[in-house]
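File shown: entry02.tsv. Contents: TSV, C-alpha atoms.
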chain	number	residue	atom	x	y	z
M	43	MET	CA	-115.20	144.36	-91.93
M	44	ASN	CA	-117.66	141.53	-91.33
M	45	ARG	CA	-114.88	139.40	-89.80
M	46	PHE	CA	-113.96	142.26	-87.44
M	47	LYS	CA	-117.56	142.46	-86.17
M	48	LYS	CA	-117.69	138.72	-85.52
M	49	THR	CA	-114.37	138.78	-83.66
M	50	THR	CA	-115.47	141.75	-81.56
M	51	ALA	CA	-118.77	140.06	-80.74
M	52	MET	CA	-116.99	136.84	-79.67
M	53	LEU	CA	-114.56	138.76	-77.47
M	54	GLY	CA	-117.49	140.61	-75.91
M	55	LEU	CA	-119.24	137.34	-75.08
M	56	LEU	CA	-116.08	135.84	-73.60
M	57	THR	CA	-115.50	138.94	-71.49
M	58	ALA	CA	-119.08	138.93	-70.23
M	59	GLY	CA	-118.77	135.28	-69.21
M	60	TYR	CA	-115.46	135.90	-67.44
M	61	ALA	CA	-116.72	139.01	-65.63
M	62	SER	CA	-119.70	137.16	-64.15
M	63	SER	CA	-117.46	134.39	-62.79
M	64	VAL	CA	-115.12	136.93	-61.22
M	65	ARG	CA	-118.00	138.52	-59.33
M	66	ALA	CA	-119.40	135.24	-58.01
M	67	ASP	CA	-118.17	135.96	-54.49
M	68	GLU	CA	-119.97	139.31	-54.50
M	69	VAL	CA	-123.27	137.61	-55.24
M	70	ASN	CA	-123.07	134.85	-52.61
M	71	LYS	CA	-120.76	136.84	-50.28
M	72	GLU	CA	-118.41	133.86	-49.89
M	73	THR	CA	-116.13	134.54	-46.93
M	74	ARG	CA	-113.59	132.38	-45.13
M	75	LEU	CA	-113.28	132.29	-41.36
M	76	THR	CA	-110.56	130.63	-39.30
M	77	THR	CA	-111.13	130.05	-35.61
M	78	ASN	CA	-108.83	128.50	-33.01
M	79	GLN	CA	-111.57	127.91	-30.44
M	80	PRO	CA	-115.15	126.57	-30.48
M	81	LEU	CA	-117.51	129.10	-32.06
M	82	GLN	CA	-121.30	129.08	-31.86
M	83	VAL	CA	-123.22	130.36	-34.88
M	84	GLY	CA	-126.95	130.17	-34.20
M	85	LYS	CA	-127.61	126.54	-33.23
M	86	ILE	CA	-124.34	125.28	-34.74
M	87	LEU	CA	-121.17	124.84	-32.70
M	88	LEU	CA	-118.08	124.87	-34.88
M	89	ALA	CA	-114.85	123.17	-33.84
M	90	PRO	CA	-111.61	125.10	-34.26
M	91	GLY	CA	-110.72	125.19	-37.95
M	92	GLN	CA	-111.45	126.92	-41.25
M	93	TYR	CA	-114.96	127.52	-42.58
M	94	VAL	CA	-116.61	129.04	-45.63
M	95	PHE	CA	-119.72	131.18	-45.22
M	96	LYS	CA	-121.98	131.65	-48.27
M	97	LEU	CA	-125.19	133.59	-48.60
M	98	LEU	CA	-127.82	131.27	-50.11
M	99	ASP	CA	-130.73	133.69	-49.96
M	100	GLN	CA	-131.60	136.83	-48.05
M	101	GLY	CA	-130.80	135.98	-44.41
M	102	VAL	CA	-129.87	132.34	-45.14
M	103	VAL	CA	-126.21	131.34	-44.71
M	104	SER	CA	-124.54	128.04	-45.54
M	105	ILE	CA	-121.50	127.08	-43.46
M	106	ARG	CA	-119.04	124.53	-44.82
M	107	SER	CA	-115.69	123.37	-43.58
M	108	ALA	CA	-112.66	124.29	-45.70
M	109	ASP	CA	-112.78	120.84	-47.33
M	110	GLY	CA	-116.41	121.42	-48.40
M	111	THR	CA	-118.17	119.32	-45.75
M	112	PRO	CA	-121.53	120.94	-44.88
M	113	GLU	CA	-121.71	122.10	-41.26
M	114	GLY	CA	-125.19	123.57	-41.44
M	115	ILE	CA	-127.45	126.41	-42.47
M	116	VAL	CA	-128.20	129.35	-40.19
M	117	LEU	CA	-130.65	132.21	-40.37
M	118	GLY	CA	-129.72	135.78	-39.68
M	119	TRP	CA	-131.45	139.12	-39.83
M	120	SER	CA	-130.39	142.46	-41.21
M	121	ALA	CA	-127.59	144.34	-39.50
M	122	TYR	CA	-126.09	147.71	-40.42
M	123	ARG	CA	-122.70	149.36	-39.92
M	124	VAL	CA	-121.79	152.98	-40.56
M	125	ASP	CA	-118.28	152.38	-41.95
M	126	ALA	CA	-118.33	149.77	-44.71
M	127	GLY	CA	-114.54	149.46	-44.76
M	128	GLY	CA	-112.69	147.29	-47.23
M	129	LYS	CA	-112.59	144.07	-45.21
M	130	GLU	CA	-115.10	141.45	-44.19
M	131	LEU	CA	-115.96	141.72	-40.57
M	132	PHE	CA	-117.01	139.05	-38.12
M	133	THR	CA	-117.96	140.24	-34.65
M	134	VAL	CA	-117.46	137.58	-32.00
M	135	SER	CA	-118.54	137.70	-28.34
M	136	GLU	CA	-116.10	137.11	-25.51
M	137	VAL	CA	-115.86	133.62	-24.05
M	138	GLN	CA	-117.83	133.56	-20.79
M	139	GLY	CA	-117.39	130.69	-18.35
M	140	ASN	CA	-118.21	127.34	-19.95
M	141	GLN	CA	-119.91	128.94	-22.96
M	142	PRO	CA	-118.21	129.09	-26.38
M	143	ALA	CA	-117.66	132.39	-28.16
M	144	MET	CA	-120.62	133.36	-30.34
M	145	LEU	CA	-120.62	134.88	-33.80
M	146	LYS	CA	-122.71	138.04	-33.48
M	147	ASP	CA	-122.62	139.41	-37.03
M	148	TRP	CA	-121.00	139.18	-40.44
M	149	PHE	CA	-120.39	141.91	-43.02
M	150	TYR	CA	-118.96	141.48	-46.51
M	151	PRO	CA	-116.20	143.89	-47.67
M	152	GLY	CA	-117.59	147.24	-48.77
M	153	ASP	CA	-121.14	146.48	-47.62
M	154	ASN	CA	-122.91	148.54	-44.98
M	155	SER	CA	-125.54	145.86	-44.54
M	156	GLY	CA	-124.80	142.42	-43.17
M	157	LEU	CA	-126.32	139.70	-41.04
M	158	GLU	CA	-126.75	139.40	-37.31
M	159	PHE	CA	-127.04	135.96	-35.71
M	160	SER	CA	-128.93	135.00	-32.58
M	161	ALA	CA	-127.60	132.60	-30.01
M	162	GLY	CA	-129.97	129.67	-29.94
M	163	PRO	CA	-129.73	126.43	-28.02
M	164	LEU	CA	-127.10	124.16	-29.51
M	165	ALA	CA	-128.18	121.28	-31.72
M	166	GLY	CA	-128.51	118.26	-29.48
M	167	GLY	CA	-128.14	120.49	-26.40
M	168	THR	CA	-124.99	118.65	-25.32
M	169	GLY	CA	-122.53	121.54	-25.37
M	170	ARG	CA	-120.10	119.46	-27.43
M	171	VAL	CA	-118.57	120.49	-30.70
M	172	ALA	CA	-120.24	118.44	-33.39
M	173	LYS	CA	-117.15	117.86	-35.53
M	174	SER	CA	-113.45	118.43	-35.37
M	175	ARG	CA	-111.30	118.64	-38.48
M	176	LYS	CA	-108.12	117.57	-36.71
M	177	LYS	CA	-107.37	113.88	-36.90
M	178	GLY	CA	-108.40	112.04	-33.76
M	179	SER	CA	-109.46	115.07	-31.72
M	180	THR	CA	-112.74	116.00	-30.12
M	181	THR	CA	-113.17	119.36	-28.45
M	182	ASP	CA	-115.45	120.14	-25.54
M	183	ALA	CA	-117.01	123.60	-25.45
M	184	ALA	CA	-116.40	123.47	-21.70
M	185	ASP	CA	-112.64	123.42	-22.32
M	186	GLY	CA	-112.97	127.15	-23.00
M	187	GLY	CA	-110.36	128.29	-25.51
M	188	THR	CA	-109.10	131.75	-24.62
M	189	SER	CA	-107.68	133.07	-27.87
M	190	THR	CA	-109.86	135.04	-30.27
M	191	PRO	CA	-110.91	133.87	-33.74
Structure translated into structure tokens:
Amino acid sequence: MNRFKKTTAMLGLLTAGYASSVRADEVNKETRLTTNQPLQVGKILLAPGQYVFKLLDQGVVSIRSADGTPEGIVLGWSAYRVDAGGKELFTVSEVQGNQPAMLKDWFYPGDNSGLEFSAGPLAGGTGRVAKSRKKGSTTDAADGGTSTP
């Protein structure tokens, strides 16, 4: 009987450790975004590519490229949606003239609350995409991609 209790306790500990690692994305709200045009998030201008958004703290979001390269940290404020739905949701503005599309807000699947981002002046104020993940290419925000992210 004593052996049974020890085995049950060990299985319980292993399960608890596994369950917390499975829910890691729920804690930091890790979400992937793929865009095929320049996208402004706060003061950061992202080149077309894949990015990972992670919540670091309330209202503080880390953006990394798919390969893990840090792109920057942006601040957002509370946003609310009536229908939580089962999918993450990024709301992106329409491209207007020479301006890149802007990420307006981000919601994690099943959450009614999310983050809204303001459009600030771009870092460096040049209007150029800071980095491009495609070999040998640089993208100008003025090129104005027309497809949606």
What's the 8 Å shell around M:Tyr122, counting all atoms listed in the file, without same-chain residues fewer than 4 positions away, as a PDB file with C-alpha atoms, in the coordinates of the input?
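This went into selection06.pdb:
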ATOM      1  CA  ASN M 154    -122.910 148.540 -44.980  1.00  0.00           C
ATOM      2  CA  SER M 155    -125.540 145.860 -44.540  1.00  0.00           C
ATOM      3  CA  GLY M 156    -124.800 142.420 -43.170  1.00  0.00           C
TER       4      GLY M 156
END
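With distances restricted to only C-alpha atoms, M:Leu157 is the closest residue to M:Asp99 from M:Lys129, M:Gln141, M:Ile86, M:Leu157.
Across the model, the gap from atom CA of M:Arg74 to atom CA of M:Ala108 is 8.2 Å.
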If we count only C-alpha atoms, what is near M:Arg123 at a cut-off of 12 Å, once residues fewer than 2 positions away on the same chain are taken out, given as an mmCIF file with C-alpha atoms, keeping the file's coordinate frame?
data_model
loop_
_atom_site.group_PDB
_atom_site.id
_atom_site.type_symbol
_atom_site.label_atom_id
_atom_site.label_comp_id
_atom_site.auth_asym_id
_atom_site.auth_seq_id
_atom_site.Cartn_x
_atom_site.Cartn_y
_atom_site.Cartn_z
ATOM 1 C CA SER M 120 -130.390 142.460 -41.210
ATOM 2 C CA ALA M 121 -127.590 144.340 -39.500
ATOM 3 C CA ASP M 125 -118.280 152.380 -41.950
ATOM 4 C CA ALA M 126 -118.330 149.770 -44.710
ATOM 5 C CA GLY M 127 -114.540 149.460 -44.760
ATOM 6 C CA GLU M 130 -115.100 141.450 -44.190
ATOM 7 C CA LEU M 131 -115.960 141.720 -40.570
ATOM 8 C CA PHE M 132 -117.010 139.050 -38.120
ATOM 9 C CA THR M 133 -117.960 140.240 -34.650
ATOM 10 C CA ASP M 147 -122.620 139.410 -37.030
ATOM 11 C CA TRP M 148 -121.000 139.180 -40.440
ATOM 12 C CA PHE M 149 -120.390 141.910 -43.020
ATOM 13 C CA TYR M 150 -118.960 141.480 -46.510
ATOM 14 C CA PRO M 151 -116.200 143.890 -47.670
ATOM 15 C CA GLY M 152 -117.590 147.240 -48.770
ATOM 16 C CA ASP M 153 -121.140 146.480 -47.620
ATOM 17 C CA ASN M 154 -122.910 148.540 -44.980
ATOM 18 C CA SER M 155 -125.540 145.860 -44.540
ATOM 19 C CA GLY M 156 -124.800 142.420 -43.170
ATOM 20 C CA LEU M 157 -126.320 139.700 -41.040
ATOM 21 C CA GLU M 158 -126.750 139.400 -37.310
#
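Closest approach to M:Leu98 among M:Ile115, M:Thr76, M:Asn140, M:Leu145: M:Ile115, based on only C-alpha atoms.
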(request) Kindly indicate which residue among M:Ala89, M:Ala143, M:Val83, M:Ala161 lies nearest to M:Ser104, using all atoms listed in the file for the distances. (result)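 Ranking M:Ala89, M:Ala143, M:Val83, M:Ala161 by distance to M:Ser104, first place goes to M:Val83.
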(message) Just checking: using all atoms listed in the file, which residue out of M:Pro80, M:Gly139, M:Gly118, M:Gly128 ends up closest to M:Val103?
(response) M:Gly118
(request) Find the residues near M:Glu72: any atom within 7 Å, counting all atoms listed in the file, skip ones fewer than 5 places away on the same chain, and give them as a list in words. (result) Asp67, Val94, Phe95, Lys96 and Leu97 of chain M
Excluding same-chain residues fewer than 5 positions from M:Gln92, what lies within 9 Å of it counting all atoms listed in the file, as a PDB file with C-alpha atoms, in the coordinates of the input?
ATOM      1  CA  ARG M  74    -113.590 132.380 -45.130  1.00  0.00           C
ATOM      2  CA  LEU M  75    -113.280 132.290 -41.360  1.00  0.00           C
ATOM      3  CA  THR M  76    -110.560 130.630 -39.300  1.00  0.00           C
ATOM      4  CA  THR M  77    -111.130 130.050 -35.610  1.00  0.00           C
ATOM      5  CA  ASN M  78    -108.830 128.500 -33.010  1.00  0.00           C
ATOM      6  CA  ARG M 106    -119.040 124.530 -44.820  1.00  0.00           C
ATOM      7  CA  SER M 107    -115.690 123.370 -43.580  1.00  0.00           C
ATOM      8  CA  ALA M 108    -112.660 124.290 -45.700  1.00  0.00           C
ATOM      9  CA  ASP M 109    -112.780 120.840 -47.330  1.00  0.00           C
ATOM     10  CA  ARG M 175    -111.300 118.640 -38.480  1.00  0.00           C
TER      11      ARG M 175
END
(request) Could you tell me how far atom CA of M:Gly114 lies from atom CA of M:Val102, in Å and to one decimal? (result)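 Result for atom CA of M:Gly114 versus atom CA of M:Val102: 10.6 Å, one decimal.
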